[in-house]
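Down below is the structure, laid out as structure tokens.
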Amino acid sequence: MVTLGSGFEEGGVGSALAAPDPGAEPDRRPSELALVQLVISRAGSAETMAVNRVVKLGVPQGWTGELESQGRAARLYGPEGEGQMLIAAALHPSELGYYLNELKKKHPSAAPSPPELLKLPGIRPSMGERATRFAITGREVGEMVLIEKRDTIVLIVTVVDPNAWSRVRRELAKTYPTVTINDVRPPR
């Protein structure tokens, strides 16, 4: 079990690459959030360019979790047992299938709603970027949010006990605007 870092020092949970792109997005994380960093790396080929990217976001303080061995996803658990959050980053929608199937198996009574547009700062629809929200209803409630920007997809799924939802939802509203995606140089 990993306790996520408070504050937003470099080298926190999930840090595997260094030297951000000079055009990097600014941090938008309030101090009451803890840092989560995911890493996406793909070797280049004749058809694709190499990718080394870091996704950072702030999550509510007190949530603890595990970072997947490849660093592409984190599974977090509420401090008072209210539920769980899955955060995953991908370069293509097909890379999210594993996580969506896992969630379906763990939460068979939860059903997502039709998609809704979610307005977030830093999302540029003219550049093909978007944020989409799906409400989750059933015995457990929550939401699934897909943020697509800088040719990266960030999936944030939160499923909690209905009694905790109003508080957790307010905390999540602070999380989504903090998502930053930056290209980095690979380590030597």
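The chains in the structure tokens are called A, B, ... from first to last as shown; in each chain the residues are counted from 1, and the ligands are counted from 1 in the order shown.
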With only C-alpha atoms as the counted atoms, please give the residues lying no more than 12 Å from range 47-50 of chain A, apart from itself and same-chain residues fewer than 3 positions off, as a PyMOL selection string. chain A and resi 40-44+53+91+183-186
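Shell of Thr137 in chain A at 6 Å, with only C-alpha atoms counted and residues fewer than 3 places along the chain excluded, is Ala110, Ala111 and Val141 of chain A.
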Saved selection, atoms kept: C-alpha atoms, as an mmCIF file, in the first residue's frame:
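That gives us out_14.cif:
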```
data_model
loop_
_atom_site.group_PDB
_atom_site.id
_atom_site.type_symbol
_atom_site.label_atom_id
_atom_site.label_comp_id
_atom_site.auth_asym_id
_atom_site.auth_seq_id
_atom_site.Cartn_x
_atom_site.Cartn_y
_atom_site.Cartn_z
ATOM 1 C CA ALA A 110 -23.185 0.113 -10.840
ATOM 2 C CA ALA A 111 -24.412 1.423 -14.188
ATOM 3 C CA VAL A 141 -22.757 5.604 -6.863
#
```
Taking the DSSP assignment computed from this structure's backbone, write out as a compact mmCIF listing (two decimals) with all heavy atoms, in the first residue's frame all residues of range 59-125 of chain A that belong to strand (DSSP E or B).
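Once written, states_34.txt looks like this:
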```txt
# COMPACT_ATOMS: atom_id res chain seq x y z
N VAL A 59 -5.46 14.52 -5.93
CA VAL A 59 -6.61 13.75 -5.44
C VAL A 59 -6.86 14.16 -4.00
O VAL A 59 -5.98 14.70 -3.33
CB VAL A 59 -6.37 12.22 -5.55
CG1 VAL A 59 -6.20 11.81 -7.00
CG2 VAL A 59 -5.20 11.78 -4.71
N PRO A 60 -8.07 13.90 -3.48
CA PRO A 60 -8.35 14.30 -2.10
C PRO A 60 -7.34 13.71 -1.11
O PRO A 60 -6.96 12.54 -1.22
CB PRO A 60 -9.75 13.72 -1.85
CG PRO A 60 -10.36 13.61 -3.22
CD PRO A 60 -9.22 13.28 -4.13
N THR A 64 -5.48 6.55 -0.07
CA THR A 64 -4.24 5.80 -0.22
C THR A 64 -4.43 4.76 -1.30
O THR A 64 -5.56 4.41 -1.65
CB THR A 64 -3.83 5.10 1.09
OG1 THR A 64 -4.90 4.24 1.49
CG2 THR A 64 -3.52 6.10 2.18
N GLY A 65 -3.33 4.25 -1.82
CA GLY A 65 -3.50 3.30 -2.90
C GLY A 65 -2.25 2.65 -3.38
O GLY A 65 -1.20 2.73 -2.75
N GLU A 66 -2.41 2.03 -4.52
CA GLU A 66 -1.35 1.28 -5.15
C GLU A 66 -1.16 1.80 -6.57
O GLU A 66 -2.12 2.02 -7.29
CB GLU A 66 -1.73 -0.20 -5.21
CG GLU A 66 -2.01 -0.79 -3.85
CD GLU A 66 -2.78 -2.09 -3.91
OE1 GLU A 66 -3.32 -2.44 -4.98
OE2 GLU A 66 -2.85 -2.76 -2.88
N LEU A 67 0.09 1.95 -6.94
CA LEU A 67 0.44 2.34 -8.30
C LEU A 67 0.73 1.06 -9.07
O LEU A 67 1.48 0.20 -8.60
CB LEU A 67 1.67 3.24 -8.27
CG LEU A 67 2.07 3.95 -9.53
CD1 LEU A 67 0.97 4.91 -9.98
CD2 LEU A 67 3.36 4.72 -9.30
N ALA A 73 -1.46 3.38 -14.09
CA ALA A 73 -2.72 3.44 -13.35
C ALA A 73 -2.46 3.42 -11.86
O ALA A 73 -1.44 2.91 -11.39
CB ALA A 73 -3.62 2.26 -13.73
N ALA A 74 -3.41 3.98 -11.11
CA ALA A 74 -3.38 3.95 -9.65
C ALA A 74 -4.77 3.58 -9.16
O ALA A 74 -5.78 4.02 -9.73
CB ALA A 74 -2.98 5.32 -9.09
N ARG A 75 -4.81 2.74 -8.14
CA ARG A 75 -6.07 2.38 -7.49
C ARG A 75 -6.01 2.96 -6.09
O ARG A 75 -5.10 2.64 -5.32
CB ARG A 75 -6.23 0.86 -7.44
CG ARG A 75 -6.52 0.28 -8.80
CD ARG A 75 -6.30 -1.23 -8.81
NE ARG A 75 -6.45 -1.76 -10.15
CZ ARG A 75 -5.53 -1.71 -11.11
NH1 ARG A 75 -4.37 -1.17 -10.86
NH2 ARG A 75 -5.75 -2.21 -12.30
N LEU A 76 -6.97 3.82 -5.76
CA LEU A 76 -6.98 4.51 -4.48
C LEU A 76 -8.22 4.12 -3.68
O LEU A 76 -9.25 3.79 -4.26
CB LEU A 76 -6.99 6.02 -4.71
CG LEU A 76 -5.94 6.58 -5.67
CD1 LEU A 76 -6.11 8.08 -5.82
CD2 LEU A 76 -4.55 6.25 -5.17
N TYR A 77 -8.09 4.20 -2.36
CA TYR A 77 -9.17 3.81 -1.46
C TYR A 77 -9.42 4.94 -0.47
O TYR A 77 -8.47 5.52 0.06
CB TYR A 77 -8.81 2.51 -0.75
CG TYR A 77 -8.45 1.43 -1.75
CD1 TYR A 77 -7.13 1.23 -2.13
CD2 TYR A 77 -9.44 0.68 -2.37
CE1 TYR A 77 -6.80 0.28 -3.09
CE2 TYR A 77 -9.12 -0.27 -3.33
CZ TYR A 77 -7.80 -0.46 -3.69
OH TYR A 77 -7.48 -1.38 -4.64
N GLY A 83 -15.10 4.13 -0.45
CA GLY A 83 -15.10 3.52 -1.78
C GLY A 83 -13.73 3.55 -2.40
O GLY A 83 -12.72 3.66 -1.71
N GLN A 84 -13.71 3.47 -3.74
CA GLN A 84 -12.44 3.43 -4.44
C GLN A 84 -12.44 4.34 -5.65
O GLN A 84 -13.49 4.72 -6.17
CB GLN A 84 -12.09 2.01 -4.85
CG GLN A 84 -12.91 1.46 -5.98
CD GLN A 84 -12.39 0.10 -6.41
OE1 GLN A 84 -11.85 -0.67 -5.62
NE2 GLN A 84 -12.55 -0.21 -7.68
N MET A 85 -11.21 4.65 -6.08
CA MET A 85 -11.00 5.48 -7.26
C MET A 85 -9.95 4.77 -8.13
O MET A 85 -8.95 4.27 -7.61
CB MET A 85 -10.49 6.86 -6.83
CG MET A 85 -10.32 7.85 -7.95
SD MET A 85 -9.60 9.46 -7.40
CE MET A 85 -10.56 9.87 -5.96
N LEU A 86 -10.19 4.73 -9.40
CA LEU A 86 -9.23 4.21 -10.36
C LEU A 86 -8.84 5.35 -11.27
O LEU A 86 -9.72 6.05 -11.81
CB LEU A 86 -9.82 3.07 -11.20
CG LEU A 86 -8.99 2.67 -12.42
CD1 LEU A 86 -7.75 1.90 -11.99
CD2 LEU A 86 -9.80 1.87 -13.39
N ILE A 87 -7.55 5.55 -11.45
CA ILE A 87 -7.04 6.57 -12.36
C ILE A 87 -6.12 5.86 -13.33
O ILE A 87 -5.19 5.16 -12.90
CB ILE A 87 -6.28 7.68 -11.61
CG1 ILE A 87 -7.16 8.28 -10.52
CG2 ILE A 87 -5.79 8.75 -12.58
CD1 ILE A 87 -6.40 9.11 -9.51
N ALA A 88 -6.37 5.98 -14.62
CA ALA A 88 -5.55 5.32 -15.63
C ALA A 88 -5.27 6.29 -16.78
O ALA A 88 -6.12 7.13 -17.10
CB ALA A 88 -6.24 4.07 -16.16
N ALA A 89 -4.10 6.16 -17.37
CA ALA A 89 -3.73 7.00 -18.52
C ALA A 89 -3.43 6.09 -19.71
O ALA A 89 -2.88 5.00 -19.54
CB ALA A 89 -2.51 7.85 -18.17
N ALA A 90 -3.80 6.56 -20.88
CA ALA A 90 -3.62 5.75 -22.10
C ALA A 90 -3.38 6.67 -23.29
O ALA A 90 -3.74 7.84 -23.28
CB ALA A 90 -4.85 4.90 -22.34
N ALA A 111 -24.15 1.22 -12.76
CA ALA A 111 -24.41 1.42 -14.19
C ALA A 111 -24.11 2.88 -14.57
O ALA A 111 -24.59 3.80 -13.92
CB ALA A 111 -25.86 1.10 -14.50
N PRO A 112 -23.30 3.10 -15.64
CA PRO A 112 -23.02 4.47 -16.07
C PRO A 112 -24.18 5.06 -16.88
O PRO A 112 -24.89 4.35 -17.58
CB PRO A 112 -21.77 4.33 -16.94
CG PRO A 112 -21.79 2.92 -17.43
CD PRO A 112 -22.52 2.12 -16.39
N GLU A 116 -22.04 13.05 -20.59
CA GLU A 116 -22.34 14.48 -20.46
C GLU A 116 -21.04 15.24 -20.68
O GLU A 116 -19.98 14.79 -20.24
CB GLU A 116 -22.81 14.82 -19.04
CG GLU A 116 -23.92 14.03 -18.47
CD GLU A 116 -24.09 14.29 -16.96
OE1 GLU A 116 -23.54 15.26 -16.43
OE2 GLU A 116 -24.78 13.48 -16.34
N LEU A 117 -21.11 16.39 -21.31
CA LEU A 117 -19.95 17.26 -21.47
C LEU A 117 -19.58 17.81 -20.10
O LEU A 117 -20.44 18.22 -19.33
CB LEU A 117 -20.28 18.41 -22.43
CG LEU A 117 -19.20 19.45 -22.62
CD1 LEU A 117 -18.00 18.83 -23.34
CD2 LEU A 117 -19.74 20.62 -23.41
```
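Considering the residues A:Asp161, A:Glu148, A:Glu140, A:Glu82 and counting only C-alpha atoms, Ser109 in chain A has its shortest atom-to-atom contact with A:Glu140.
Closest to Asn52 in chain A among A:Gly71, A:Gly122, A:Pro162, A:Pro108 is A:Gly71, based on only C-alpha atoms.
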As a ChimeraX atom specification, please: every residue in range 50-112 of chain A that a backbone DSSP assignment puts in helix (DSSP H, G or I). /A:93-106
I need the chosen residues saved as a PDB file, in the first residue's frame, with C-alpha atoms.
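The new file selection.pdb reads:
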```pdb
ATOM      1  CA  PRO A  93      -9.006   3.966 -26.085  1.00  0.00           C
ATOM      2  CA  SER A  94      -8.225   0.246 -26.533  1.00  0.00           C
ATOM      3  CA  GLU A  95      -5.695   0.518 -23.675  1.00  0.00           C
ATOM      4  CA  LEU A  96      -8.541   1.288 -21.241  1.00  0.00           C
ATOM      5  CA  GLY A  97     -10.543  -1.911 -21.901  1.00  0.00           C
ATOM      6  CA  TYR A  98      -8.738  -3.873 -19.181  1.00  0.00           C
ATOM      7  CA  TYR A  99      -9.591  -1.259 -16.542  1.00  0.00           C
ATOM      8  CA  LEU A 100     -13.212  -0.905 -17.624  1.00  0.00           C
ATOM      9  CA  ASN A 101     -13.705  -4.697 -17.527  1.00  0.00           C
ATOM     10  CA  GLU A 102     -12.107  -4.829 -14.079  1.00  0.00           C
ATOM     11  CA  LEU A 103     -14.515  -2.170 -12.809  1.00  0.00           C
ATOM     12  CA  LYS A 104     -17.514  -3.953 -14.317  1.00  0.00           C
ATOM     13  CA  LYS A 105     -16.551  -7.164 -12.473  1.00  0.00           C
ATOM     14  CA  LYS A 106     -15.928  -5.410  -9.136  1.00  0.00           C
TER      15      LYS A 106
END
```
Best match for closeness to Val39 in chain A among A:Thr178, A:Thr152, A:Thr132, A:Ser113, counting only C-alpha atoms: A:Thr152
